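These notes concern the structure reproduced below.
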Amino acid sequence: MFATDESMAVPALAWDAEARGFTSLFIPEHTHIPVSRRTPPPTGDAELPEEYRRTVDPFVVLAAAAATTETIRLGTGICLVAQREPIVTAKAVATLDALSGGRFDFGIGYGWNREELADHGVEARARRAVVRERVLAMQALWRDDVAGFEGSYVSFEPSWSWPKPVQPGGPPVMIGGAPGPTLFAHVAEYGDAWLPIGGAGIRAAAPALTAACEEAGRDPATVRVVPFGAMPDEGKLEYYASLGMDEVVLRLPSAPRDIVLSVLDRYAPFVTRAAGLTAAR
């Protein structure tokens, strides 16, 4: 759900989703939205939907959600890493993972809004390289008792940083975006999953993802593909299951509690269906 200050509160949504048997809850972020529309909206609309300018901080609300739940996984979908200082973000991620008992999924992306990136001092053309270094630096802080990093965009001397995440090496890094050689190279190098936005084009892109993993010396079976922000319909879960996928993230409206829960209840039968598909496999 595109969580805002006007939509259903994330801790309550997490509790209600867990009670209905859902596996995970993801929310996105934007630090701010410049008024300029020099960068066209990714939605294809003339104007951005209202929720883009009203997003809440994902780490604060997911920490609150962790306190109200026990089993549901909590994720950023997605965190704009190019717009975040890596040492502070590594601390926030590790703390949230420890607080939740190892239930955090670190969904990340490169960002699309050039003005937003520029306000953070990042050139749009460099954002993928910036994200790569920042994630690698964070993974070092999560993994090592003493961690330092020296790169083109991130540099810090050998340092201590606790708490460490409950999940060994840090939470799963799930990279969102359209298929392409750069994204797949990053997934193969430092990611645990690819989040294809909308869930389209997965079958056609699968050989390229496999090739990227093999080129990096990695077993393609260790990389998950999780269709993200999909709209469920008859046959869609069966199709994804036939491709070997074990999780699909469905889209909820950015809306008050009564509207969100009505959609959640409409989605609830898919949980039972998914359990049956998993058992059949």
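All residue names refer to the structure tokens as shown: chains lettered A, B, ... in order, residues numbered from 1 in each chain, ligands numbered from 1 in order.
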
Please build the interface table for region 103-209 of chain A against region 22-25 of chain A with a cut-off of 10 Å, listing for each qualifying residue the nearest atom pair and the distance in Å to one decimal; count only C-alpha atoms, order rows by chain and increasing number, and write it as a Markdown table.
| residue | atom | partner | partner_atom | distance |
| --- | --- | --- | --- | --- |
| A:Arg103 | CA | A:Ser24 | CA | 9.0 |
| A:Phe104 | CA | A:Ser24 | CA | 9.3 |
| A:Asp105 | CA | A:Ser24 | CA | 8.9 |

Could the residues in this selection be saved with N, CA, C and O atoms as a compact mmCIF listing (two decimals), in the first residue's frame?
# COMPACT_ATOMS: atom_id res chain seq x y z
N ARG A 103 12.19 -10.19 10.53
CA ARG A 103 11.06 -10.22 9.60
C ARG A 103 11.12 -9.12 8.54
O ARG A 103 10.12 -8.88 7.85
N PHE A 104 12.25 -8.49 8.37
CA PHE A 104 12.31 -7.35 7.45
C PHE A 104 12.85 -7.78 6.08
O PHE A 104 13.82 -8.53 5.98
N ASP A 105 12.20 -7.29 5.02
CA ASP A 105 12.66 -7.46 3.63
C ASP A 105 13.02 -6.09 3.09
O ASP A 105 12.19 -5.16 3.10

- request: Write out as a ChimeraX atom specification all residues of region 85-116 of chain A that backbone DSSP assigns to helix (DSSP H, G or I).
  value: /A:86-99,114-116

message: So that I can see what lies close to His186 (chain A), please list as number ranges by chain the residues with an atom at most 9 Å from it, counting only C-alpha atoms and leaving out residues fewer than 6 positions away in the same chain.
response: A: 128, 132, 175, 212

Would you export the selected residues with N, CA, C and O atoms as a compact mmCIF listing (two decimals), in the first residue's frame, please?
# COMPACT_ATOMS: atom_id res chain seq x y z
N ARG A 128 22.23 4.38 -10.37
CA ARG A 128 22.40 2.93 -10.24
C ARG A 128 23.75 2.59 -9.60
O ARG A 128 23.83 1.70 -8.75
N ARG A 132 24.29 0.79 -5.92
CA ARG A 132 25.13 -0.41 -5.78
C ARG A 132 26.13 -0.24 -4.64
O ARG A 132 26.25 -1.11 -3.76
N ILE A 175 15.39 -6.19 -5.40
CA ILE A 175 15.59 -5.04 -6.27
C ILE A 175 14.43 -4.91 -7.25
O ILE A 175 14.15 -5.82 -8.04
N ALA A 212 22.76 -13.62 -16.26
CA ALA A 212 23.48 -12.69 -15.40
C ALA A 212 24.00 -13.40 -14.16
O ALA A 212 25.12 -13.15 -13.70

Coordinates-based distance that separates CA of Thr95 (chain A) from CA of Pro163 (chain A) (Å, one decimal):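 Interatomic distance, CA of Pro163 (chain A) to CA of Thr95 (chain A): 6.1 Å.
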
Based on DSSP run over this structure's backbone, return all residues of region 91-231 of chain A in strand (DSSP E or B), as a tab-separated table (two decimals) with N, CA, C and O atoms, in the first residue's frame.
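Writing the result to part.tsv gives the following:
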chain	number	residue	atom	x	y	z
A	104	PHE	N	12.25	-8.49	8.37
A	104	PHE	CA	12.31	-7.35	7.45
A	104	PHE	C	12.85	-7.78	6.08
A	104	PHE	O	13.82	-8.53	5.98
A	105	ASP	N	12.20	-7.29	5.02
A	105	ASP	CA	12.66	-7.46	3.63
A	105	ASP	C	13.02	-6.09	3.09
A	105	ASP	O	12.19	-5.16	3.10
A	106	PHE	N	14.25	-5.96	2.59
A	106	PHE	CA	14.76	-4.66	2.12
A	106	PHE	C	14.53	-4.53	0.62
A	106	PHE	O	15.41	-4.83	-0.19
A	107	GLY	N	13.32	-4.11	0.24
A	107	GLY	CA	13.04	-3.84	-1.15
A	107	GLY	C	13.61	-2.49	-1.53
A	107	GLY	O	13.36	-1.49	-0.84
A	108	ILE	N	14.37	-2.44	-2.61
A	108	ILE	CA	15.05	-1.19	-2.99
A	108	ILE	C	14.81	-0.90	-4.46
A	108	ILE	O	14.39	-1.76	-5.24
A	109	GLY	N	15.08	0.36	-4.85
A	109	GLY	CA	14.99	0.75	-6.24
A	109	GLY	C	15.92	1.91	-6.51
A	109	GLY	O	16.53	2.47	-5.59
A	147	ALA	N	33.89	-3.01	9.85
A	147	ALA	CA	33.62	-2.84	8.42
A	147	ALA	C	34.04	-1.45	7.96
A	147	ALA	O	33.77	-0.45	8.63
A	148	GLY	N	34.71	-1.43	6.82
A	148	GLY	CA	35.04	-0.17	6.15
A	148	GLY	C	34.68	-0.30	4.69
A	148	GLY	O	34.42	-1.40	4.19
A	149	PHE	N	34.67	0.82	3.98
A	149	PHE	CA	34.31	0.79	2.56
A	149	PHE	C	35.01	1.93	1.85
A	149	PHE	O	35.08	3.05	2.37
A	150	GLU	N	35.50	1.64	0.65
A	150	GLU	CA	36.15	2.65	-0.17
A	150	GLU	C	35.65	2.52	-1.60
A	150	GLU	O	35.92	1.53	-2.28
A	155	SER	N	32.48	6.13	1.18
A	155	SER	CA	33.79	5.89	1.78
A	155	SER	C	33.71	6.11	3.28
A	155	SER	O	33.21	7.15	3.73
A	156	PHE	N	34.13	5.11	4.04
A	156	PHE	CA	34.26	5.30	5.48
A	156	PHE	C	35.31	4.33	6.01
A	156	PHE	O	35.55	3.26	5.45
A	157	GLU	N	35.98	4.75	7.08
A	157	GLU	CA	37.07	3.96	7.64
A	157	GLU	C	36.52	2.77	8.42
A	157	GLU	O	35.32	2.73	8.75
A	158	PRO	N	37.37	1.78	8.71
A	158	PRO	CA	36.91	0.61	9.49
A	158	PRO	C	36.20	1.06	10.77
A	158	PRO	O	36.72	1.86	11.54
A	159	SER	N	35.00	0.50	10.96
A	159	SER	CA	34.12	1.00	12.02
A	159	SER	C	33.32	-0.13	12.64
A	159	SER	O	33.16	-1.21	12.06
A	173	VAL	N	17.81	-8.48	0.11
A	173	VAL	CA	17.79	-7.29	-0.72
A	173	VAL	C	17.00	-7.64	-1.99
A	173	VAL	O	17.42	-8.49	-2.77
A	174	MET	N	15.85	-6.99	-2.15
A	174	MET	CA	14.94	-7.28	-3.26
A	174	MET	C	14.92	-6.05	-4.17
A	174	MET	O	14.48	-4.97	-3.74
A	175	ILE	N	15.39	-6.19	-5.40
A	175	ILE	CA	15.59	-5.04	-6.27
A	175	ILE	C	14.43	-4.91	-7.25
A	175	ILE	O	14.15	-5.82	-8.04
A	176	GLY	N	13.76	-3.75	-7.20
A	176	GLY	CA	12.63	-3.50	-8.07
A	176	GLY	C	13.04	-2.75	-9.32
A	176	GLY	O	13.96	-1.95	-9.31
A	193	ALA	N	16.54	-11.05	-4.64
A	193	ALA	CA	15.31	-11.21	-5.40
A	193	ALA	C	15.15	-10.06	-6.38
A	193	ALA	O	15.70	-8.97	-6.19
A	194	TRP	N	14.38	-10.32	-7.43
A	194	TRP	CA	13.96	-9.29	-8.37
A	194	TRP	C	12.47	-9.05	-8.16
A	194	TRP	O	11.69	-10.00	-8.08
A	195	LEU	N	12.09	-7.78	-8.05
A	195	LEU	CA	10.69	-7.39	-7.93
A	195	LEU	C	10.24	-6.77	-9.25
A	195	LEU	O	10.42	-5.56	-9.47
A	197	ILE	N	7.90	-4.91	-11.35
A	197	ILE	CA	6.77	-4.07	-11.00
A	197	ILE	C	5.58	-4.38	-11.91
A	197	ILE	O	5.70	-4.34	-13.13
A	224	ARG	N	15.20	-15.18	-6.04
A	224	ARG	CA	13.75	-15.27	-6.15
A	224	ARG	C	13.23	-14.21	-7.10
A	224	ARG	O	13.83	-13.14	-7.26
A	225	VAL	N	12.09	-14.49	-7.70
A	225	VAL	CA	11.36	-13.51	-8.50
A	225	VAL	C	10.00	-13.35	-7.84
A	225	VAL	O	9.25	-14.32	-7.69
A	228	PHE	N	5.42	-7.86	-8.20
A	228	PHE	CA	5.19	-6.81	-7.22
A	228	PHE	C	4.14	-5.82	-7.70
A	228	PHE	O	4.21	-5.29	-8.79
A	229	GLY	N	3.14	-5.58	-6.84
A	229	GLY	CA	2.09	-4.64	-7.19
A	229	GLY	C	1.14	-5.18	-8.24
A	229	GLY	O	0.59	-4.44	-9.04
A	230	ALA	N	0.93	-6.49	-8.22
A	230	ALA	CA	0.07	-7.13	-9.22
A	230	ALA	C	-1.39	-7.00	-8.82
A	230	ALA	O	-1.73	-6.86	-7.65

message: Nearest residue to Arg203 (chain A) out of A:Met245, A:Glu215, A:Thr222, A:Ile78, using only C-alpha atoms?
response: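 Checking each candidate against Arg203 (chain A), we get A:Met245 as the closest.
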
message: Show me, as a list of chain:residue names, the residues that have an atom within 6 Å of region 80-82 of chain A when counting only C-alpha atoms, minus same-chain residues fewer than 5 positions from it.
response: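 Surrounding residues, per the criterion: A:Gly109, A:Gly111, A:Arg127, A:Val130, A:Val131.
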
field: Shell around Arg143 (chain A) at 7 Å using only C-alpha atoms, local window under 3 positions removed, as a PyMOL selection string
entry: chain A and resi 139-140+169-170

message: Set the distance at 9 Å and use only C-alpha atoms: which residues neighbour Ala94 (chain A) once local chain neighbours fewer than 2 positions away are removed? I'd like the list as a list in words.
response: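 Result of the neighbour search: Thr89, Ala90, Lys91, Ala92, Leu96, Asp97, Ala98, Leu99, Trp142, Trp162, Pro163, Lys164, Pro165, Val166, Gly170 and Pro171 of chain A.
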
Pick out the residues sitting within 12 Å of Ala126 (chain A), and hand them over as a PDB file with N, CA, C and O atoms, in the first residue's frame; count only C-alpha atoms, and ignore anything fewer than 3 positions along from it in its own chain.
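The resulting file, around02.pdb, is shown below:
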ATOM      1  N   ALA A  82      19.408   5.597  -3.222  1.00  0.00           N
ATOM      2  CA  ALA A  82      20.250   6.690  -3.713  1.00  0.00           C
ATOM      3  C   ALA A  82      20.004   7.973  -2.939  1.00  0.00           C
ATOM      4  O   ALA A  82      20.849   8.873  -2.935  1.00  0.00           O
ATOM      5  N   GLN A  83      18.856   8.080  -2.275  1.00  0.00           N
ATOM      6  CA  GLN A  83      18.491   9.281  -1.554  1.00  0.00           C
ATOM      7  C   GLN A  83      18.706   9.142  -0.046  1.00  0.00           C
ATOM      8  O   GLN A  83      18.227   9.980   0.732  1.00  0.00           O
ATOM      9  N   TYR A 110      16.020   2.290  -7.784  1.00  0.00           N
ATOM     10  CA  TYR A 110      16.966   3.329  -8.185  1.00  0.00           C
ATOM     11  C   TYR A 110      16.346   4.728  -8.151  1.00  0.00           C
ATOM     12  O   TYR A 110      17.060   5.714  -8.038  1.00  0.00           O
ATOM     13  N   GLY A 111      15.035   4.826  -8.250  1.00  0.00           N
ATOM     14  CA  GLY A 111      14.373   6.123  -8.283  1.00  0.00           C
ATOM     15  C   GLY A 111      14.158   6.594  -9.714  1.00  0.00           C
ATOM     16  O   GLY A 111      14.952   6.297 -10.608  1.00  0.00           O
ATOM     17  N   ARG A 114      13.960  12.790 -11.266  1.00  0.00           N
ATOM     18  CA  ARG A 114      15.256  13.460 -11.378  1.00  0.00           C
ATOM     19  C   ARG A 114      15.383  14.639 -10.422  1.00  0.00           C
ATOM     20  O   ARG A 114      16.451  14.886  -9.848  1.00  0.00           O
ATOM     21  N   LEU A 117      15.980  13.296  -6.878  1.00  0.00           N
ATOM     22  CA  LEU A 117      17.365  12.846  -6.764  1.00  0.00           C
ATOM     23  C   LEU A 117      18.321  14.027  -6.654  1.00  0.00           C
ATOM     24  O   LEU A 117      19.252  14.030  -5.831  1.00  0.00           O
ATOM     25  N   ALA A 118      18.097  15.054  -7.471  1.00  0.00           N
ATOM     26  CA  ALA A 118      18.991  16.218  -7.483  1.00  0.00           C
ATOM     27  C   ALA A 118      19.000  16.925  -6.134  1.00  0.00           C
ATOM     28  O   ALA A 118      20.050  17.415  -5.681  1.00  0.00           O
ATOM     29  N   GLY A 121      21.487  15.563  -4.025  1.00  0.00           N
ATOM     30  CA  GLY A 121      22.849  15.656  -4.541  1.00  0.00           C
ATOM     31  C   GLY A 121      23.265  14.498  -5.427  1.00  0.00           C
ATOM     32  O   GLY A 121      24.461  14.224  -5.567  1.00  0.00           O
ATOM     33  N   VAL A 122      22.298  13.815  -6.034  1.00  0.00           N
ATOM     34  CA  VAL A 122      22.596  12.645  -6.868  1.00  0.00           C
ATOM     35  C   VAL A 122      22.199  12.931  -8.307  1.00  0.00           C
ATOM     36  O   VAL A 122      21.065  13.339  -8.580  1.00  0.00           O
ATOM     37  N   GLU A 123      23.132  12.734  -9.236  1.00  0.00           N
ATOM     38  CA  GLU A 123      22.817  12.860 -10.651  1.00  0.00           C
ATOM     39  C   GLU A 123      22.067  11.618 -11.101  1.00  0.00           C
ATOM     40  O   GLU A 123      22.450  10.488 -10.769  1.00  0.00           O
ATOM     41  N   ALA A 129      24.780   3.290  -9.990  1.00  0.00           N
ATOM     42  CA  ALA A 129      26.098   3.062  -9.389  1.00  0.00           C
ATOM     43  C   ALA A 129      26.104   3.484  -7.921  1.00  0.00           C
ATOM     44  O   ALA A 129      26.739   2.829  -7.076  1.00  0.00           O
ATOM     45  N   VAL A 130      25.394   4.571  -7.606  1.00  0.00           N
ATOM     46  CA  VAL A 130      25.295   5.026  -6.214  1.00  0.00           C
ATOM     47  C   VAL A 130      24.583   3.982  -5.365  1.00  0.00           C
ATOM     48  O   VAL A 130      25.042   3.627  -4.264  1.00  0.00           O
ATOM     49  N   VAL A 131      23.463   3.469  -5.873  1.00  0.00           N
ATOM     50  CA  VAL A 131      22.714   2.447  -5.136  1.00  0.00           C
ATOM     51  C   VAL A 131      23.582   1.222  -4.897  1.00  0.00           C
ATOM     52  O   VAL A 131      23.623   0.674  -3.779  1.00  0.00           O
ATOM     53  N   ARG A 132      24.288   0.786  -5.917  1.00  0.00           N
ATOM     54  CA  ARG A 132      25.135  -0.406  -5.779  1.00  0.00           C
ATOM     55  C   ARG A 132      26.135  -0.239  -4.638  1.00  0.00           C
ATOM     56  O   ARG A 132      26.252  -1.108  -3.764  1.00  0.00           O
ATOM     57  N   GLU A 133      26.863   0.865  -4.625  1.00  0.00           N
ATOM     58  CA  GLU A 133      27.876   1.054  -3.588  1.00  0.00           C
ATOM     59  C   GLU A 133      27.246   1.185  -2.205  1.00  0.00           C
ATOM     60  O   GLU A 133      27.782   0.663  -1.224  1.00  0.00           O
ATOM     61  N   SER A 152      33.654   4.968  -5.125  1.00  0.00           N
ATOM     62  CA  SER A 152      33.541   6.266  -5.788  1.00  0.00           C
ATOM     63  C   SER A 152      32.493   7.155  -5.140  1.00  0.00           C
ATOM     64  O   SER A 152      32.581   8.383  -5.193  1.00  0.00           O
ATOM     65  N   TYR A 153      31.473   6.530  -4.519  1.00  0.00           N
ATOM     66  CA  TYR A 153      30.365   7.290  -3.948  1.00  0.00           C
ATOM     67  C   TYR A 153      30.203   7.101  -2.446  1.00  0.00           C
ATOM     68  O   TYR A 153      29.507   7.870  -1.800  1.00  0.00           O
TER      69      TYR A 153
END
